[in-house]
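Down below is the structure, laid out as structure tokens.
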Amino acid sequence: MGATVDWLRTTTPGLLVLCGLAIAVLLFAIIKVKLEPFIALLLTGLALALAAGLPVSKIVGTAIKAGDSILETGFGGILGHIAVIIGLGTVLGAILERSGGADVLTGKLLNLFGEKGAPVAMGLLGLIFGIPVFFDIGIFVLAPLIYVAAKRGGRSLVLYAMPMLAGLSMTHAFLPPHPGPVALGGLLGVSLGWLILMGFVCGIPGFIAAGIVWGSYIGKRIQVEVPDEFLVRKDEEKETAPDEGERVSDGTGGVATKRPVTTTPPSVGLIGAIIAIPLVLILGATFGTQLLDKNSQLLQVLTFFGTPAVALLIAVLIAFYVLGVRRGSTVQELSELTAESLRPVGMLLLVVGAGAFFGKVISATGIGTALADTMSAAGLPVIVLAYIISCGLRIAQGSATVAIVTTGGIVAPLVTGHDYSQMSIALIAMAIAAGSIILSHVNDGGFWIIAKFFNMSVKQTLQTWTVLETILSVVSFAVAAVLFAIVS
């Protein structure tokens, strides 16, 4: 027994077996036992650390001091990097959605592309609106617009839905401020500026192949009607006020005049500008780092405003004013919107933190080094290994976020052990992101959301959405792999 334990803890094959067993237990806990991924990742990480023989003081610290433990540094390191970014990104998406930005973009794109180009317009709608909005929220907001476009065009709902879904999926997988790419930035030590650049470079070809080419092909072959009940939208209560303003209590026993609420939609240019602000600021800092002297005052300015948290905060404050206060919303109403939008973020952050802890354990056990040795012996490039691991985790347990953070933790030691450029590391991150969306099927919550919202059977969803995700994954990875081979 002792010899077996020593073999598992000290040899390359043993460490790889230990890693494989840990991942198998993780998948079993999530898929069969139905544990929340946060709990499953935490339990598996602790079990792996103990099985690998790590000292308890290193795993959880001591009763007096735990700040240097793997548990706290694993959670704290990644959450310190992503919590503010994801929180601000969520709030930005909420204010853009509440202001009617999706309707504005839809109308503009449909007018620009016409009836025949409506599917392409829907794809661009998903691509643009998907930058600040989470994937499932994007479906909830944009699905009614897809219904209307399909009904007017008189063609299959699939023809209009697939391009939009490709746009939402591409931005969700490859671009900050979405949780997967942001988490990879912290795990792999690559700037969000490079992730944005490589996200567009790798993701756009995949979006075109999956959303436009495949979407047009399959949309003409699978006929899905728009049910009449899908077109019924509950009339929202609109607050009306006379021109002179509504008389309300001022809180002191008197009355005050409340500003009239503006009901006209914002301009498409304004929506586009707000979405672009954080991207431009972050890219400005990235390019400034490459082009300017490190002691340059301009670089200091670009670095401050291009820090993702600062860039997103600026965009949120601008959105609050131009889409909120200036249009009649009160600060209290904006605060309520902020609180409402942030409620679903808590579990997401816990999953990412637990995944980072799991990865930290893998690094501390030496499994990362064992993987590097095995990979070198097999002649397998790190970017291919990253993609394969991410694909396997995605197919097995369904969650893209879990696949990303787990793969990022496994691959991180392989990346830090080499002198890769920021661009090369960003491409490895894109390979992980690409693997995390492959072959969406019945164990993926998004699969069922799409089947429900677009009136498709399980078979039709497999024929359309599952193939779309696989094309998006493979094409985007191919671009990343080719570029990695060129620059590395």
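Chain labels follow the order of the structure tokens: the first chain is A, the next B, and so on; residue numbering restarts at 1 in every chain, and ligands are counted from 1 in their shown order.
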Quick one: everything within 7 Å of A:Cys202, counting only C-alpha atoms, minus sequence neighbours fewer than 6 positions away in the same chain. Send it as an MDAnalysis selection string.
-> chainID A and resid 476 479:480
Using C-alpha atoms, can you write the selected residues to a file as a compact mmCIF listing (two decimals), in the first residue's frame?
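Below you can see again31.txt, which holds the result:
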# COMPACT_ATOMS: atom_id res chain seq x y z
CA SER A 476 -11.63 29.38 -33.72
CA VAL A 479 -7.03 30.09 -36.18
CA ALA A 480 -5.45 30.21 -32.72
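Taking only C-alpha atoms, the non-local environment of stretch 419-435 of chain A within 7 Å (same-chain residues fewer than 6 positions away omitted) comprises A:Ala173, A:Phe174, A:Leu184, A:Val190, A:Trp194, A:Leu195, A:Met198, A:Gly199, A:Ile383, A:Ala386, A:Tyr387, A:Ile388, A:Ser390, A:Cys391, A:Ile404, A:Thr407, A:Ser473, A:Ser476, A:Phe477, A:Ala480, A:Phe484, A:Val487, A:Ser488.
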Mind listing the strand (DSSP E) residues of stretch 47-249 of chain A, per DSSP on the backbone, as an MDAnalysis selection string?
-> chainID A and resid 246:249
Please save N, CA, C and O atoms of the selected residues as a short mmCIF file (atom, residue, chain, number, x, y, z; two decimals), in the first residue's frame.
data_model
loop_
_atom_site.label_atom_id
_atom_site.label_comp_id
_atom_site.auth_asym_id
_atom_site.auth_seq_id
_atom_site.Cartn_x
_atom_site.Cartn_y
_atom_site.Cartn_z
N GLU A 246 -44.25 65.29 -12.61
CA GLU A 246 -45.19 64.69 -11.66
C GLU A 246 -44.92 65.24 -10.27
O GLU A 246 -43.77 65.38 -9.84
N ARG A 247 -45.99 65.56 -9.53
CA ARG A 247 -45.86 66.08 -8.18
C ARG A 247 -45.69 64.92 -7.21
O ARG A 247 -46.54 64.05 -7.10
N VAL A 248 -44.56 64.91 -6.52
CA VAL A 248 -44.29 63.82 -5.58
C VAL A 248 -43.82 64.40 -4.27
O VAL A 248 -43.38 65.54 -4.18
N SER A 249 -43.89 63.58 -3.21
CA SER A 249 -43.41 64.02 -1.90
C SER A 249 -41.90 64.20 -1.93
O SER A 249 -41.18 63.42 -2.53
#
Mind pulling up the distance from atom CA of A:Phe454 to atom CA of A:Gly154?
-> 15.1 Å
Point out the residue among A:Thr416, A:Thr365, A:Ser440, A:Ser296 with the least atom-to-atom distance to A:Val382, counting only C-alpha atoms.
-> A:Thr416
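Using only C-alpha atoms, the residues found no farther than 9 Å from A:Gly130, other than those of its own chain fewer than 5 positions away, are A:Gly93, A:Leu125, A:Phe135, A:Gly138, A:Gly167, A:Leu168, A:Ser169, A:Met170, A:Thr171, A:His172.
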So which residues touch A:Phe447 within 12 Å, counting only C-alpha atoms, skipping near sequence neighbours fewer than 2 positions away, as a PyMOL selection string?
-> chain A and resi 135-136+139+165+169+398-399+437-445+449-454+456-469
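Across A:Ala51, A:Val474, A:Ile23, A:Met347, the tightest approach to A:Asp6 is made by A:Ala51 when counting only C-alpha atoms.
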